[in-house]
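Structure file start_12.cif; described as mmCIF, C-alpha atoms and all ligand atoms.
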```cif
data_coords
loop_
_atom_site.label_atom_id
_atom_site.label_comp_id
_atom_site.auth_asym_id
_atom_site.auth_seq_id
_atom_site.Cartn_x
_atom_site.Cartn_y
_atom_site.Cartn_z
CA MET N 608 33.76 -28.87 -17.69
CA TYR N 609 35.16 -32.39 -17.45
CA ASP N 610 38.84 -33.08 -16.86
CA THR N 611 38.64 -35.77 -19.47
CA ILE N 612 36.15 -37.21 -21.93
CA ILE N 613 36.90 -40.73 -23.06
CA ILE N 614 35.51 -41.66 -26.46
CA GLY N 615 34.74 -45.38 -26.77
CA SER N 616 33.64 -47.75 -24.02
CA GLY N 617 35.55 -50.93 -24.81
CA PRO N 618 38.10 -52.29 -22.35
CA ALA N 619 40.49 -49.41 -23.12
CA GLY N 620 37.84 -46.71 -22.56
CA MET N 621 36.55 -48.24 -19.35
CA THR N 622 40.06 -48.75 -17.95
CA ALA N 623 40.99 -45.16 -18.77
CA GLY N 624 37.82 -44.13 -16.94
CA MET N 625 38.82 -46.06 -13.83
CA TYR N 626 42.33 -44.61 -13.71
CA ALA N 627 41.19 -41.05 -14.44
CA SER N 628 38.57 -41.11 -11.70
CA ARG N 629 41.06 -42.62 -9.23
CA ARG N 630 43.08 -39.44 -9.83
CA GLU N 631 39.97 -37.41 -8.95
CA MET N 632 39.53 -36.32 -12.56
CA LYS N 633 35.95 -35.46 -13.49
CA THR N 634 35.42 -38.11 -16.15
CA LEU N 635 32.83 -38.85 -18.80
CA ILE N 636 32.90 -41.90 -21.07
CA ILE N 637 30.89 -41.73 -24.29
CA GLY N 638 30.70 -45.04 -26.13
CA LYS N 639 28.30 -46.47 -28.61
CA GLU N 640 28.63 -50.17 -27.73
CA PRO N 641 29.70 -50.78 -24.13
CA GLY N 642 32.27 -53.58 -24.00
CA GLY N 643 33.51 -52.95 -27.54
CA GLN N 644 34.87 -55.97 -29.35
CA MET N 645 34.80 -57.97 -26.12
CA VAL N 646 31.10 -58.58 -26.70
CA TRP N 647 31.99 -60.40 -29.92
CA ALA N 648 34.17 -62.88 -28.11
CA HIS N 649 32.56 -65.98 -26.69
CA GLU N 650 34.71 -66.84 -23.73
CA ILE N 651 37.87 -65.13 -22.56
CA GLU N 652 40.57 -67.32 -21.12
CA ASN N 653 43.62 -65.09 -21.30
CA TYR N 654 42.74 -61.99 -19.31
CA PRO N 655 45.28 -62.07 -16.48
CA GLY N 656 43.82 -62.91 -13.09
CA VAL N 657 40.66 -64.42 -14.55
CA LYS N 658 40.89 -68.10 -15.49
CA ARG N 659 37.90 -68.33 -17.78
CA ILE N 660 34.94 -66.02 -18.12
CA SER N 661 32.13 -65.38 -20.58
CA ALA N 662 32.79 -62.17 -22.47
CA PHE N 663 29.35 -60.90 -21.40
CA GLU N 664 30.25 -61.34 -17.73
CA LEU N 665 33.63 -59.63 -18.14
CA VAL N 666 31.94 -56.63 -19.80
CA GLN N 667 29.51 -56.42 -16.86
CA ILE N 668 32.37 -56.48 -14.35
CA PHE N 669 34.25 -53.73 -16.23
CA ARG N 670 31.11 -51.61 -16.34
CA GLU N 671 30.20 -52.10 -12.68
CA GLN N 672 33.77 -51.35 -11.63
CA VAL N 673 33.99 -48.14 -13.66
CA LEU N 674 30.57 -46.91 -12.47
CA SER N 675 31.49 -47.69 -8.86
CA PHE N 676 34.33 -45.16 -9.18
CA GLY N 677 31.83 -42.42 -10.00
CA VAL N 678 32.59 -42.17 -13.71
CA GLU N 679 29.70 -40.93 -15.85
CA MET N 680 28.88 -43.11 -18.86
CA LYS N 681 26.73 -42.25 -21.87
CA ASP N 682 25.81 -44.86 -24.46
CA ALA N 683 26.09 -42.69 -27.55
CA GLU N 684 28.14 -42.09 -30.67
CA VAL N 685 30.49 -39.12 -30.82
CA LYS N 686 29.89 -37.28 -34.09
CA LYS N 687 32.24 -34.31 -33.87
CA VAL N 688 35.10 -32.93 -31.77
CA GLU N 689 36.22 -29.30 -31.79
CA LYS N 690 39.12 -27.57 -30.10
CA THR N 691 38.24 -24.29 -28.43
CA GLU N 692 40.39 -21.17 -28.25
CA THR N 693 41.24 -21.93 -24.62
CA GLY N 694 42.58 -25.37 -25.57
CA SER N 695 39.65 -27.41 -24.27
CA PHE N 696 37.61 -29.81 -26.43
CA LYS N 697 33.93 -29.78 -27.32
CA VAL N 698 32.60 -33.27 -27.91
CA TYR N 699 29.28 -33.63 -29.75
CA TYR N 700 27.09 -36.72 -29.36
CA ASP N 701 23.36 -37.33 -29.96
CA ASN N 702 22.00 -33.77 -29.75
CA GLU N 703 24.26 -32.84 -26.89
CA MET N 704 27.71 -31.38 -26.30
CA ALA N 705 30.15 -31.90 -23.45
CA GLU N 706 33.41 -30.07 -22.86
CA ALA N 707 36.67 -31.32 -21.38
CA ARG N 708 40.25 -30.24 -20.83
CA THR N 709 41.54 -33.49 -22.33
CA ILE N 710 40.19 -36.29 -24.47
CA ILE N 711 41.20 -39.93 -24.64
CA ILE N 712 40.36 -41.66 -27.91
CA SER N 713 39.68 -45.38 -27.49
CA ILE N 714 37.39 -46.15 -30.39
CA GLY N 715 38.96 -49.51 -31.20
CA LEU N 716 38.39 -51.14 -34.55
CA SER N 717 35.33 -51.81 -36.71
CA PRO N 718 34.66 -54.70 -39.07
CA ARG N 719 36.11 -54.46 -42.56
CA ARG N 720 33.44 -54.64 -45.27
CA LEU N 721 33.45 -56.87 -48.33
CA ALA N 722 32.27 -53.99 -50.53
CA ILE N 723 30.19 -56.25 -52.80
CA LYS N 724 26.66 -56.04 -54.14
CA GLY N 725 24.03 -56.89 -51.55
CA GLU N 726 26.26 -56.42 -48.48
CA GLU N 727 24.88 -53.04 -47.46
CA GLU N 728 21.30 -53.88 -48.53
CA PHE N 729 21.15 -57.05 -46.40
CA ASN N 730 23.11 -55.77 -43.42
CA GLY N 731 21.02 -56.97 -40.47
CA LYS N 732 18.83 -59.01 -42.82
CA GLY N 733 21.18 -61.98 -42.99
CA VAL N 734 24.53 -60.19 -43.27
CA SER N 735 26.34 -60.06 -39.95
CA TYR N 736 29.80 -59.11 -38.67
CA CYS N 737 29.52 -60.96 -35.36
CA ALA N 738 28.95 -64.70 -35.14
CA ASN N 739 28.79 -64.68 -31.36
CA CYS N 740 26.13 -61.96 -31.33
CA ASP N 741 23.94 -63.08 -34.24
CA GLY N 742 24.73 -66.81 -34.50
CA PRO N 743 21.72 -67.90 -32.41
CA PHE N 744 19.35 -66.33 -35.01
CA PHE N 745 20.51 -68.96 -37.51
CA ARG N 746 19.66 -72.12 -35.59
CA GLY N 747 19.15 -75.00 -38.03
CA LYS N 748 19.81 -72.71 -41.02
CA LYS N 749 22.53 -72.54 -43.66
CA VAL N 750 25.20 -69.86 -43.40
CA ALA N 751 28.50 -68.81 -44.93
CA VAL N 752 31.53 -67.35 -43.19
CA VAL N 753 33.97 -65.26 -45.22
CA GLY N 754 37.58 -64.90 -44.08
CA SER N 755 40.86 -66.66 -43.49
CA GLY N 756 41.99 -65.62 -40.00
CA ASN N 757 41.25 -66.84 -36.49
CA SER N 758 38.04 -64.79 -36.32
CA ALA N 759 36.63 -66.49 -39.43
CA PHE N 760 37.63 -70.00 -38.39
CA ASP N 761 36.42 -69.36 -34.86
CA ALA N 762 33.09 -68.08 -36.23
CA ALA N 763 32.73 -71.19 -38.42
CA GLU N 764 33.41 -73.41 -35.41
CA VAL N 765 30.84 -71.62 -33.24
CA LEU N 766 28.25 -71.57 -36.03
CA SER N 767 28.70 -75.27 -36.82
CA LYS N 768 27.07 -75.98 -33.45
CA ILE N 769 24.06 -73.78 -34.26
CA ALA N 770 23.49 -73.79 -38.02
CA SER N 771 22.79 -76.90 -40.09
CA GLU N 772 25.49 -76.17 -42.69
CA VAL N 773 28.40 -73.74 -42.68
CA TYR N 774 30.31 -72.75 -45.82
CA LEU N 775 33.71 -71.30 -44.98
CA LEU N 776 34.92 -69.21 -47.92
CA VAL N 777 38.67 -68.63 -47.98
CA ARG N 778 39.97 -66.33 -50.69
CA ASN N 779 43.38 -67.89 -51.04
CA GLU N 780 44.47 -71.18 -49.52
CA ASP N 781 47.96 -69.74 -48.87
CA SER N 782 46.47 -66.86 -46.91
CA ILE N 783 45.03 -68.91 -44.03
CA ARG N 784 46.14 -67.16 -40.85
CA ALA N 785 44.14 -69.18 -38.33
CA PHE N 786 45.96 -71.34 -35.77
CA ASP N 787 46.76 -74.85 -37.08
CA SER N 788 44.77 -76.44 -34.25
CA LEU N 789 41.67 -74.44 -35.22
CA VAL N 790 42.08 -75.33 -38.91
CA ALA N 791 42.39 -79.01 -37.97
CA GLU N 792 39.22 -78.78 -35.86
CA ILE N 793 37.30 -77.14 -38.71
CA LYS N 794 38.34 -79.90 -41.11
CA LYS N 795 36.91 -82.49 -38.71
CA ARG N 796 33.42 -80.94 -38.59
CA SER N 797 31.15 -82.72 -41.05
CA ASN N 798 28.79 -79.74 -41.45
CA ILE N 799 31.54 -77.26 -42.32
CA HIS N 800 32.28 -77.07 -46.04
CA LEU N 801 35.62 -75.44 -46.66
CA ARG N 802 35.75 -73.63 -50.01
CA LEU N 803 39.33 -72.64 -50.76
CA ASN N 804 40.36 -70.04 -53.35
CA THR N 805 36.78 -68.83 -53.33
CA VAL N 806 35.52 -65.25 -53.39
CA ILE N 807 31.99 -64.08 -52.77
CA GLU N 808 30.79 -61.83 -55.60
CA GLU N 809 27.22 -61.03 -54.65
CA ILE N 810 24.76 -61.48 -51.81
CA ALA N 811 21.23 -61.81 -53.19
CA GLY N 812 17.62 -62.31 -52.10
CA GLU N 813 14.21 -60.67 -51.99
CA ASN N 814 13.86 -59.05 -48.57
CA LYS N 815 16.60 -61.02 -46.84
CA VAL N 816 19.65 -63.06 -47.75
CA GLU N 817 18.68 -66.08 -49.86
CA ARG N 818 21.83 -66.95 -51.79
CA ILE N 819 25.39 -65.97 -52.61
CA ASN N 820 27.22 -66.04 -55.91
CA CYS N 821 30.79 -67.27 -55.55
CA ALA N 822 33.76 -67.80 -57.83
CA ASN N 823 36.68 -70.17 -57.48
CA ILE N 824 39.55 -68.00 -58.64
CA LYS N 825 41.96 -70.90 -59.13
CA GLU N 826 39.70 -73.16 -61.18
CA ASN N 827 37.73 -70.33 -62.76
CA THR N 828 34.37 -71.82 -61.80
CA LYS N 829 31.19 -70.26 -60.41
CA GLU N 830 28.89 -71.51 -57.67
CA VAL N 831 25.54 -70.34 -56.32
CA ILE N 832 24.89 -71.34 -52.72
CA ASP N 833 21.38 -71.07 -51.26
CA LEU N 834 21.60 -69.98 -47.64
CA ASP N 835 20.17 -67.71 -44.94
CA GLY N 836 23.13 -65.81 -43.55
CA VAL N 837 26.57 -64.46 -44.36
CA PHE N 838 29.10 -63.74 -41.63
CA VAL N 839 31.85 -61.37 -42.75
CA GLU N 840 35.07 -61.96 -40.79
CA ILE N 841 37.78 -60.30 -42.89
CA GLY N 842 39.47 -58.18 -40.29
CA ARG N 843 38.94 -54.89 -38.57
CA ILE N 844 39.82 -51.32 -39.45
CA ALA N 845 40.33 -48.08 -37.56
CA SER N 846 37.76 -45.36 -38.34
CA ALA N 847 39.41 -42.32 -36.83
CA ASP N 848 38.43 -39.70 -39.46
CA LEU N 849 36.62 -37.77 -36.72
CA PHE N 850 39.96 -36.91 -35.17
CA ALA N 851 41.87 -36.15 -38.37
CA ASP N 852 42.62 -32.58 -37.27
CA PHE N 853 44.18 -33.66 -33.99
CA VAL N 854 46.13 -36.82 -34.71
CA GLU N 855 48.59 -38.31 -37.17
CA ARG N 856 47.66 -41.71 -38.56
CA THR N 857 49.45 -44.62 -40.15
CA GLU N 858 48.56 -45.80 -43.65
CA ALA N 859 46.26 -48.34 -42.03
CA GLY N 860 44.47 -45.51 -40.19
CA ARG N 861 45.89 -46.28 -36.73
CA ILE N 862 46.44 -43.27 -34.48
CA ILE N 863 50.12 -42.58 -33.90
CA VAL N 864 50.98 -42.10 -30.23
CA ASP N 865 54.20 -41.82 -28.27
CA ASN N 866 55.03 -44.01 -25.28
CA GLN N 867 52.85 -41.77 -23.07
CA CYS N 868 49.89 -42.46 -25.39
CA ALA N 869 50.00 -38.77 -26.40
CA THR N 870 49.09 -37.65 -29.93
CA LYS N 871 50.45 -34.64 -31.80
CA THR N 872 47.85 -32.38 -30.13
CA PRO N 873 48.44 -31.43 -26.48
CA GLY N 874 45.58 -32.79 -24.39
CA VAL N 875 44.61 -35.49 -26.88
CA PHE N 876 45.56 -39.05 -25.92
CA ALA N 877 44.70 -42.40 -27.50
CA ALA N 878 44.73 -45.99 -26.29
CA GLY N 879 43.84 -49.51 -27.31
CA ASP N 880 43.38 -51.18 -30.69
CA VAL N 881 43.00 -47.86 -32.52
CA THR N 882 46.62 -46.90 -31.86
CA ASP N 883 49.76 -47.94 -33.69
CA LEU N 884 51.53 -48.93 -30.45
CA SER N 885 51.21 -52.66 -30.90
CA GLU N 886 50.48 -54.97 -33.80
CA PHE N 887 48.88 -57.31 -31.26
CA LYS N 888 45.26 -56.69 -30.36
CA GLN N 889 44.35 -58.00 -26.95
CA ILE N 890 42.33 -56.81 -23.97
CA SER N 891 45.38 -56.81 -21.69
CA ILE N 892 47.26 -54.60 -24.17
CA ALA N 893 44.31 -52.21 -24.56
CA THR N 894 43.86 -51.87 -20.80
CA GLY N 895 47.60 -51.33 -20.29
CA GLN N 896 47.69 -48.54 -22.85
CA ALA N 897 44.55 -47.01 -21.34
CA THR N 898 46.24 -46.90 -17.95
CA ILE N 899 49.12 -44.97 -19.49
CA ALA N 900 46.77 -42.63 -21.39
CA ALA N 901 44.73 -41.74 -18.28
CA LEU N 902 47.79 -41.15 -16.11
CA SER N 903 49.39 -39.09 -18.90
CA ALA N 904 46.22 -36.98 -19.16
CA TYR N 905 46.43 -36.40 -15.40
CA LYS N 906 50.09 -35.40 -15.65
CA TYR N 907 49.27 -33.05 -18.53
CA LEU N 908 46.59 -31.30 -16.44
CA GLN N 909 48.96 -31.08 -13.47
CA GLY N 910 51.52 -29.42 -15.75
CA LYS N 911 48.95 -26.84 -16.79
C1 LIG N 1001 35.80 -62.24 -31.96
C2 LIG N 1001 36.87 -61.62 -31.08
C3 LIG N 1001 37.40 -62.37 -30.04
C4 LIG N 1001 38.40 -61.84 -29.23
N1 LIG N 1001 38.89 -62.59 -28.20
C5 LIG N 1001 39.83 -62.06 -27.38
C6 LIG N 1001 40.34 -62.82 -26.27
O1 LIG N 1001 39.94 -63.97 -26.04
N2 LIG N 1001 41.29 -62.22 -25.49
C7 LIG N 1001 41.76 -60.96 -25.71
O2 LIG N 1001 42.59 -60.48 -24.95
N3 LIG N 1001 41.29 -60.23 -26.74
C8 LIG N 1001 40.35 -60.74 -27.58
N4 LIG N 1001 39.89 -60.01 -28.64
C9 LIG N 1001 40.47 -58.67 -28.88
C10 LIG N 1001 39.91 -57.63 -27.91
O3 LIG N 1001 38.49 -57.73 -27.86
C11 LIG N 1001 40.33 -56.23 -28.35
O4 LIG N 1001 41.74 -56.19 -28.44
C12 LIG N 1001 39.87 -55.17 -27.36
O5 LIG N 1001 38.45 -55.19 -27.23
C13 LIG N 1001 40.29 -53.76 -27.80
O6 LIG N 1001 39.79 -52.84 -26.90
P1 LIG N 1001 39.55 -51.29 -27.26
O7 LIG N 1001 38.84 -50.71 -26.09
O8 LIG N 1001 40.80 -50.70 -27.74
O9 LIG N 1001 38.59 -51.29 -28.54
P2 LIG N 1001 37.14 -51.89 -28.77
O10 LIG N 1001 36.94 -53.10 -27.95
O11 LIG N 1001 37.01 -52.00 -30.25
O12 LIG N 1001 36.15 -50.78 -28.21
C14 LIG N 1001 35.99 -49.55 -28.86
C15 LIG N 1001 34.61 -48.99 -28.57
O13 LIG N 1001 34.51 -47.66 -29.09
C16 LIG N 1001 33.25 -47.49 -29.70
N5 LIG N 1001 33.28 -46.39 -30.66
C17 LIG N 1001 33.84 -46.37 -31.90
N6 LIG N 1001 33.64 -45.15 -32.47
C18 LIG N 1001 32.94 -44.42 -31.58
C19 LIG N 1001 32.40 -43.10 -31.60
N7 LIG N 1001 32.58 -42.29 -32.64
N8 LIG N 1001 31.71 -42.67 -30.52
C20 LIG N 1001 31.55 -43.48 -29.45
N9 LIG N 1001 32.03 -44.74 -29.37
C21 LIG N 1001 32.71 -45.20 -30.42
C22 LIG N 1001 33.01 -48.85 -30.35
O14 LIG N 1001 31.63 -49.01 -30.64
C23 LIG N 1001 33.49 -49.78 -29.25
O15 LIG N 1001 32.48 -50.01 -28.33
C24 LIG N 1001 38.88 -60.51 -29.46
C25 LIG N 1001 38.33 -59.76 -30.49
C26 LIG N 1001 37.34 -60.30 -31.31
C27 LIG N 1001 36.75 -59.46 -32.44
#
```
Output the file's structure in the form of structure tokens.
Amino acid sequence: MYDTIIIGSGPAGMTAGMYASRREMKTLIIGKEPGGQMVWAHEIENYPGVKRISAFELVQIFREQVLSFGVEMKDAEVKKVEKTETGSFKVYYDNEMAEARTIIISIGLSPRRLAIKGEEEFNGKGVSYCANCDGPFFRGKKVAVVGSGNSAFDAAEVLSKIASEVYLLVRNEDSIRAFDSLVAEIKKRSNIHLRLNTVIEEIAGENKVERINCANIKENTKEVIDLDGVFVEIGRIASADLFADFVERTEAGRIIVDNQCATKTPGVFAAGDVTDLSEFKQISIATGQATIAALSAYKYLQGK
């Protein structure tokens, strides 16, 4: 029996692990992609106390630190959680089950899908949701980036140094949410072709991505672009259906917590991007919430 099982091994999950184990709680972290969204970042310059660090290195430091505290970590996906009659929780992952007195949900956010023809079929065969992870596979090739926020513009900027041509497809020119400085930088790059008011209607090819069909919704025109990859950067969503019985959620699917990071179910806490606590999504915010969640879980067990 663990004192706590932490679901998700991004910065929130690993921080919760550190704080729980420092309180002598028997702790297990189960996470499917260690590092979480941090691995999608290129360099991190705003994590307090660290001037500038590659995201890969920061993930390694988090992981080494949490393991050095004696926390157990499993790289796996949690498929089901059940509450037992005694108030503990059974957490199912791979073909195994682990039980704990408390759980801390830190599953972060996942990429939003375009939901168009070809997206699912070519996922991993030219369709990607992470420019920093998959960009190097497109050296000297033609790619498109879909989106209008910082992630999309940042992806286009990174890819312009790797790919030969980058098409940046922005649905609505008034919806650009990227920083002005980033937009200005993108406009300077000769191999980035900004397509405003453009939607992607289909991703097509034989066994891999070969072209996209686009439409300019302002001018009512169509365009077919031959290319090798499509990077979807249209935001991230919370996928907390697994915990529907234990937590209340906002319309956007974020888990509602109080200022102790507690959910409506005693013993169930949540932290990081998946919660509704902050509209801002940053590592420092996720780690701060995780600190609260772990200490609240400890206090809850003390109370019992
Ligand atoms: C491209 C990009 C660049 C960024 N740059 C910065 C930056 O420079 N500075 C900054 O402060 N922030 C940055 N961020 C934001 C920052 O990465 C996030 O705010 C932070 O990672 C959130 O941490 P988290 O632990 O709450 O969630 P996540 O990092 O999303 O981690 C959640 C983890 O849970 C796992 N998981 C989900 N479901 C399950 C399940 N059922 N079972 C097991 N595991 C599961 C996920 O796979 C993931 O590994 C960036 C984000 C992106 C996408």
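Proximity to ligand LIG 1001 (chain N) was assessed for N:Ile651, N:Ala845, N:Leu766, N:Ile810 counting only C-alpha atoms and all ligand atoms; the smallest distance is recorded for N:Ile651.
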May I ask which of the residues N:Glu840, N:Glu728, N:Glu703, N:Glu640 is the closest one to ligand LIG 1001 (chain N), counting only C-alpha atoms and all ligand atoms?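 Once distances to ligand LIG 1001 (chain N) are computed over only C-alpha atoms and all ligand atoms, the minimum belongs to N:Glu640.
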Under the rule that all atoms listed in the file are counted, which of N:Ile637, N:Ile899, N:Val765, N:Val673 is the nearest residue to Asn866 of chain N?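 Comparing N:Ile637, N:Ile899, N:Val765, N:Val673 against Asn866 of chain N, the winner is N:Ile899.
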Would you kindly return, as a ChimeraX atom specification, each protein, DNA or RNA residue with an atom no farther than 10 Å from any atom of segment 611-617 of chain N, considering all atoms listed in the file and excluding same-chain residues fewer than 5 positions away? /N:622-624,627-628,632-646,666,669-670,679-685,695-698,705-715,874-880,890,893-894,901,904-905,908
Expected file contents, prior selection, C-alpha atoms, as an mmCIF file, keeping the file's coordinate frame:
```cif
data_model
loop_
_atom_site.group_PDB
_atom_site.id
_atom_site.type_symbol
_atom_site.label_atom_id
_atom_site.label_comp_id
_atom_site.auth_asym_id
_atom_site.auth_seq_id
_atom_site.Cartn_x
_atom_site.Cartn_y
_atom_site.Cartn_z
ATOM 1 C CA THR N 622 40.060 -48.750 -17.950
ATOM 2 C CA ALA N 623 40.990 -45.160 -18.770
ATOM 3 C CA GLY N 624 37.820 -44.130 -16.940
ATOM 4 C CA ALA N 627 41.190 -41.050 -14.440
ATOM 5 C CA SER N 628 38.570 -41.110 -11.700
ATOM 6 C CA MET N 632 39.530 -36.320 -12.560
ATOM 7 C CA LYS N 633 35.950 -35.460 -13.490
ATOM 8 C CA THR N 634 35.420 -38.110 -16.150
ATOM 9 C CA LEU N 635 32.830 -38.850 -18.800
ATOM 10 C CA ILE N 636 32.900 -41.900 -21.070
ATOM 11 C CA ILE N 637 30.890 -41.730 -24.290
ATOM 12 C CA GLY N 638 30.700 -45.040 -26.130
ATOM 13 C CA LYS N 639 28.300 -46.470 -28.610
ATOM 14 C CA GLU N 640 28.630 -50.170 -27.730
ATOM 15 C CA PRO N 641 29.700 -50.780 -24.130
ATOM 16 C CA GLY N 642 32.270 -53.580 -24.000
ATOM 17 C CA GLY N 643 33.510 -52.950 -27.540
ATOM 18 C CA GLN N 644 34.870 -55.970 -29.350
ATOM 19 C CA MET N 645 34.800 -57.970 -26.120
ATOM 20 C CA VAL N 646 31.100 -58.580 -26.700
ATOM 21 C CA VAL N 666 31.940 -56.630 -19.800
ATOM 22 C CA PHE N 669 34.250 -53.730 -16.230
ATOM 23 C CA ARG N 670 31.110 -51.610 -16.340
ATOM 24 C CA GLU N 679 29.700 -40.930 -15.850
ATOM 25 C CA MET N 680 28.880 -43.110 -18.860
ATOM 26 C CA LYS N 681 26.730 -42.250 -21.870
ATOM 27 C CA ASP N 682 25.810 -44.860 -24.460
ATOM 28 C CA ALA N 683 26.090 -42.690 -27.550
ATOM 29 C CA GLU N 684 28.140 -42.090 -30.670
ATOM 30 C CA VAL N 685 30.490 -39.120 -30.820
ATOM 31 C CA SER N 695 39.650 -27.410 -24.270
ATOM 32 C CA PHE N 696 37.610 -29.810 -26.430
ATOM 33 C CA LYS N 697 33.930 -29.780 -27.320
ATOM 34 C CA VAL N 698 32.600 -33.270 -27.910
ATOM 35 C CA ALA N 705 30.150 -31.900 -23.450
ATOM 36 C CA GLU N 706 33.410 -30.070 -22.860
ATOM 37 C CA ALA N 707 36.670 -31.320 -21.380
ATOM 38 C CA ARG N 708 40.250 -30.240 -20.830
ATOM 39 C CA THR N 709 41.540 -33.490 -22.330
ATOM 40 C CA ILE N 710 40.190 -36.290 -24.470
ATOM 41 C CA ILE N 711 41.200 -39.930 -24.640
ATOM 42 C CA ILE N 712 40.360 -41.660 -27.910
ATOM 43 C CA SER N 713 39.680 -45.380 -27.490
ATOM 44 C CA ILE N 714 37.390 -46.150 -30.390
ATOM 45 C CA GLY N 715 38.960 -49.510 -31.200
ATOM 46 C CA GLY N 874 45.580 -32.790 -24.390
ATOM 47 C CA VAL N 875 44.610 -35.490 -26.880
ATOM 48 C CA PHE N 876 45.560 -39.050 -25.920
ATOM 49 C CA ALA N 877 44.700 -42.400 -27.500
ATOM 50 C CA ALA N 878 44.730 -45.990 -26.290
ATOM 51 C CA GLY N 879 43.840 -49.510 -27.310
ATOM 52 C CA ASP N 880 43.380 -51.180 -30.690
ATOM 53 C CA ILE N 890 42.330 -56.810 -23.970
ATOM 54 C CA ALA N 893 44.310 -52.210 -24.560
ATOM 55 C CA THR N 894 43.860 -51.870 -20.800
ATOM 56 C CA ALA N 901 44.730 -41.740 -18.280
ATOM 57 C CA ALA N 904 46.220 -36.980 -19.160
ATOM 58 C CA TYR N 905 46.430 -36.400 -15.400
ATOM 59 C CA LEU N 908 46.590 -31.300 -16.440
#
```
Suppose you want the space between atom CA of Gly754 of chain N and atom O3 of ligand LIG 1001 (chain N); what is it in Å? 17.8 Å
From N:Gly836, N:Val753, N:Gln896, N:Phe853, residue lying nearest Asp865 of chain N [all atoms listed in the file]: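 Looking at the shortest contact to Asp865 of chain N, the residue is N:Gln896.
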Would you list the contacts of Gly860 of chain N as a list in words, taking every protein, DNA or RNA residue within 9 Å and counting only C-alpha atoms, but skipping same-chain residues closer than 6 positions in sequence? Ile844, Ala845, Ser846, Ala847, Asp848, Val881, Thr882 and Asp883 of chain N
So, counting all atoms listed in the file, which residue among N:Phe887, N:Tyr774, N:Phe786, N:Phe838 is closest to ligand LIG 1001 (chain N)?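 Using all atoms listed in the file, the shortest distance to ligand LIG 1001 (chain N) belongs to N:Phe887.
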Around (22.6, -72.5, -52.4) in the file's own coordinates, what residues are found within 12 Å if you use all atoms listed in the file, given back as a PyMOL selection string? chain N and resi 748-751+772-774+810-812+816-821+829-836
Can you measure atom CA of Gly694 of chain N to atom CA of Pro873 of chain N for me? One decimal in Å is fine. 8.5 Å
Between atom CA of Ser755 of chain N and atom CA of Val777 of chain N - distance in Å to one decimal: 5.4 Å
